[in-house]
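Student: Mind having a look at this structure? Questions to follow.
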Amino acid sequence: WHGEKARGSPRPSHPSVCAADAPLPRLGSSALKAQWTEDCRKSTYPPSGPTYRGPVPWYTINLDLPPYKRWHELMVDKAPMLKVVIGSVKNMVNTFVPSGKLMQMVDEKLPSLLGNFPGPFEEEMKGIAAVTNIPLGEIISFNIFYEVFTMCTSIVAENKEGHLVHGRNMDFGVFLGWNIENNTWVITEELKPLTVNLDFQRNNKTVFKASSFAGYVGMLTGFRPGLFSLTLNERFSINGGYLGVLEWILGKKDAMWIGFITRTVLENSTSYEEAKNTLIKTKILAPAYFILGGNQSGEGCVITRDRKESLDVYEVYRWKACMMSCQQNLCSTS
């Protein structure tokens with residue numbers, strides 16, 4: 001993920017949801033044992049083998065188009081896959097609320113309940129809803145998923161020659177339905193076909209590149225060629241994203257949605273320092289770790305964020321011995 005050298009995409013490890021006619025899998029000890037005792041694998045890159053589905057496709061997002069139209073080409077291709085994921089989530093929700101009233105509220109009430117979203121994001125989500133024929137409330141739910149649940153790991157490192165390496169895995173959908181037949185998380189598997197590489201362009205020139213899920217207008221992983229790279233990790237805290245969402249619903253809208261701030265930084269920041277300052281100072285709806293890499297030796301950091309303030313900025317120049325930091329969901333190790 002260092003500048004233009006990162007032509008491929010990180011390999012997301014995504015989960016998946018229960019099929020419509022399948023009972024909700026039990027997360028018993030056998031399921032957890034199968035999930036958490038998998039043998040360590042080596043030489044898995046470049047990917048190959050019977051489960052390899054081919055290279056992640058690239059799409060161009062034209063920022064010169066009206067926000068409503070920017071995602072149309074991509075979503076025409078990916079609408080069937082997005083419907084599968086959202087359908088699986090609905091089936092799981094309806095398992096717990098069989099009346100279907102919760103999903104009815106999402107479809108009918110969520111857009112008005114959350115009110116206006118900032119910048120181009122609301123119009124982009126409306127455009128996605130229109131081209132996919134998926135209710136806007138369900139598209140919004142997909143786009144605020146980080147504030148509710150996700151997991152991931154990032155690594156930023158510098159070698160002896162001063163070259164930075166920035167990588168991540170993406171554990172989206174863990175604990176959302178365990179498939180006991182093939183030992184996979186249901187939502188993870190269904191998200192894999194939605195994985196895309198995106199080239200955001202203005203005036204036919206690349207502004208930034210990202211790996212994401214089709215239908216998600218925020219960003220979790222991306223880089224501005226030659227300037228900086230950025231990944232987002234969830235941070236578990238009692239003062240979590242659910243409180244930020246509640247405050248937003250109650251009218252306190254002075255914080256940014258987590259995927260939207262990363263997208264804003266990637267789209268607008270023109271240097272490592274500018275990106276770092278924005279990520280440190282901006283109020284956000286959910287606690288997070290921002291992992292940032294620059295284009296010079298010593299430019300790399302892990303920013304530990306509460307919803308309203310920065311708790312710590314761990315800089316790469318502190319890592320004298322191994323010059324590496326691994327950021328998971330609870331703490332960083334170096």
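Each chain in the structure tokens gets a letter, A, B, ..., in the order shown, and its residues are numbered from 1; ligands are numbered from 1 in order too.
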If you count only C-alpha atoms, which residues fall within 6 Å of segment 219-230 of chain A, apart from same-chain ones fewer than 2 positions away, as a list of chain:residue names?
Tutor: A:Gly3, A:Glu4, A:Phe208, A:Lys209, A:Ala210, A:Ser211, A:Leu232, A:Gly259, A:Thr262, A:Arg263, A:Ser271, A:Tyr272, A:Ile291, A:Leu292, A:Gly293, A:Gly294, A:Asn295
Student: Based on the selection just made, write C-alpha atoms of those residues as a PDB file, in the first residue's frame.
Tutor:
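This is the output file again-v4.pdb:
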ATOM      1  CA  GLY A   3       2.176   4.778  -3.279  1.00  0.00           C
ATOM      2  CA  GLU A   4       1.813   3.428  -6.796  1.00  0.00           C
ATOM      3  CA  PHE A 208      -6.934   8.368  -4.619  1.00  0.00           C
ATOM      4  CA  LYS A 209      -7.336   4.613  -4.837  1.00  0.00           C
ATOM      5  CA  ALA A 210      -9.102   2.286  -2.439  1.00  0.00           C
ATOM      6  CA  SER A 211     -10.222  -1.266  -1.767  1.00  0.00           C
ATOM      7  CA  LEU A 232      -9.225   2.164   9.579  1.00  0.00           C
ATOM      8  CA  GLY A 259     -16.269   5.828   6.869  1.00  0.00           C
ATOM      9  CA  THR A 262     -11.620   8.484   5.918  1.00  0.00           C
ATOM     10  CA  ARG A 263     -13.138   9.110   2.488  1.00  0.00           C
ATOM     11  CA  SER A 271      -0.055  15.640   2.577  1.00  0.00           C
ATOM     12  CA  TYR A 272       0.694  13.176   5.350  1.00  0.00           C
ATOM     13  CA  ILE A 291      -3.232   3.785  10.696  1.00  0.00           C
ATOM     14  CA  LEU A 292      -1.427   6.255   8.470  1.00  0.00           C
ATOM     15  CA  GLY A 293       1.666   5.881   6.309  1.00  0.00           C
ATOM     16  CA  GLY A 294       3.543   8.627   4.461  1.00  0.00           C
ATOM     17  CA  ASN A 295       6.052   8.873   1.642  1.00  0.00           C
TER      18      ASN A 295
END
Student: Give me every strand (DSSP E) residue in segment 212-301 of chain A, going by DSSP on the backbone, as number ranges by chain.
Tutor: A: 212-213, 221-224, 228-234, 288-293, 300-301
Student: Can you tell me, as a list in words, what residues are no more than 9 Å from segment 119-123 of chain A when counting only C-alpha atoms, ignoring any on the same chain fewer than 3 positions away?
Tutor: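 Residues meeting the cut-off are Pro66, Pro67, Tyr68, Lys69, Asn116, Lys126, Gly127, Ile128, Ile140, Val217, Gly218 and Phe260 of chain A.
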Student: Save the residues we just selected, N, CA, C and O atoms, as a CSV table (one decimal), in the first residue's frame?
Tutor:
chain,number,residue,atom,x,y,z
A,66,PRO,N,-22.3,14.2,-11.1
A,66,PRO,CA,-23.1,14.5,-9.9
A,66,PRO,C,-23.1,13.3,-8.9
A,66,PRO,O,-23.0,12.1,-9.4
A,67,PRO,N,-23.1,13.5,-7.6
A,67,PRO,CA,-23.0,12.4,-6.7
A,67,PRO,C,-24.0,11.3,-6.9
A,67,PRO,O,-23.7,10.1,-6.8
A,68,TYR,N,-25.2,11.6,-7.4
A,68,TYR,CA,-26.2,10.6,-7.6
A,68,TYR,C,-25.9,9.6,-8.6
A,68,TYR,O,-26.3,8.5,-8.6
A,69,LYS,N,-25.0,10.0,-9.6
A,69,LYS,CA,-24.6,9.1,-10.7
A,69,LYS,C,-23.3,8.4,-10.6
A,69,LYS,O,-22.9,7.6,-11.5
A,116,ASN,N,-30.3,14.3,7.4
A,116,ASN,CA,-29.4,14.5,6.3
A,116,ASN,C,-28.0,14.1,6.6
A,116,ASN,O,-27.5,14.4,7.7
A,126,LYS,N,-28.5,7.6,-2.3
A,126,LYS,CA,-29.8,7.6,-3.0
A,126,LYS,C,-29.6,7.1,-4.4
A,126,LYS,O,-30.4,6.4,-4.9
A,127,GLY,N,-28.5,7.4,-5.0
A,127,GLY,CA,-28.2,6.9,-6.4
A,127,GLY,C,-28.0,5.4,-6.4
A,127,GLY,O,-28.5,4.7,-7.3
A,128,ILE,N,-27.3,4.9,-5.4
A,128,ILE,CA,-27.1,3.5,-5.3
A,128,ILE,C,-28.5,2.8,-5.0
A,128,ILE,O,-28.8,1.7,-5.6
A,140,ILE,N,-28.5,2.7,3.6
A,140,ILE,CA,-27.9,3.5,4.7
A,140,ILE,C,-27.4,2.5,5.8
A,140,ILE,O,-26.3,2.7,6.3
A,217,VAL,N,-20.1,3.8,0.4
A,217,VAL,CA,-19.6,5.0,-0.1
A,217,VAL,C,-18.5,5.6,0.7
A,217,VAL,O,-17.7,6.5,0.3
A,218,GLY,N,-18.4,5.2,2.0
A,218,GLY,CA,-17.2,5.6,2.8
A,218,GLY,C,-16.0,4.8,2.4
A,218,GLY,O,-16.1,3.9,1.5
A,260,PHE,N,-17.0,8.1,6.4
A,260,PHE,CA,-17.0,9.3,5.7
A,260,PHE,C,-15.8,10.2,6.0
A,260,PHE,O,-15.3,10.9,5.1
Student: What lies within 10 Å of Leu113 of chain A using only C-alpha atoms, ignoring chain neighbours under 6 positions off, as a list of chain:residue names?
Tutor: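 So the residues in contact are A:Met105, A:Val106, A:Gly137, A:Trp248, A:Ile249, A:Leu250, A:Gly251.
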Student: Suppose you want the space between atom CA of Ser43 of chain A and atom CA of Val165 of chain A; what is it in Å?
Tutor: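 Separation of atom CA of Ser43 of chain A and atom CA of Val165 of chain A: 18.1 Å.
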Student: Write out as JSON, numbers by chain the set of residues from segment 104-327 of chain A that DSSP, computed on the backbone, places in helix (DSSP H, G or I).
Tutor: {"A": [104, 105, 106, 107, 108, 109, 110, 111, 112, 113, 114, 121, 122, 123, 124, 125, 126, 127, 128, 129, 130, 131, 132, 136, 137, 138, 139, 140, 141, 142, 143, 145, 146, 147, 148, 186, 187, 188, 189, 190, 191, 192, 193, 194, 241, 242, 243, 244, 245, 246, 247, 248, 249, 258, 259, 260, 261, 262, 263, 264, 265, 266, 267, 268, 272, 273, 274, 275, 276, 277, 278, 279, 280, 281, 316, 317, 318]}
Student: Pick out the residues sitting within 10 Å of segment 77-82 of chain A, and hand them over as a ChimeraX atom specification; count only C-alpha atoms, and ignore anything fewer than 5 positions along from it in its own chain.
Tutor: /A:72,87-88,128-129,131-134,139,142,190-196,213-215
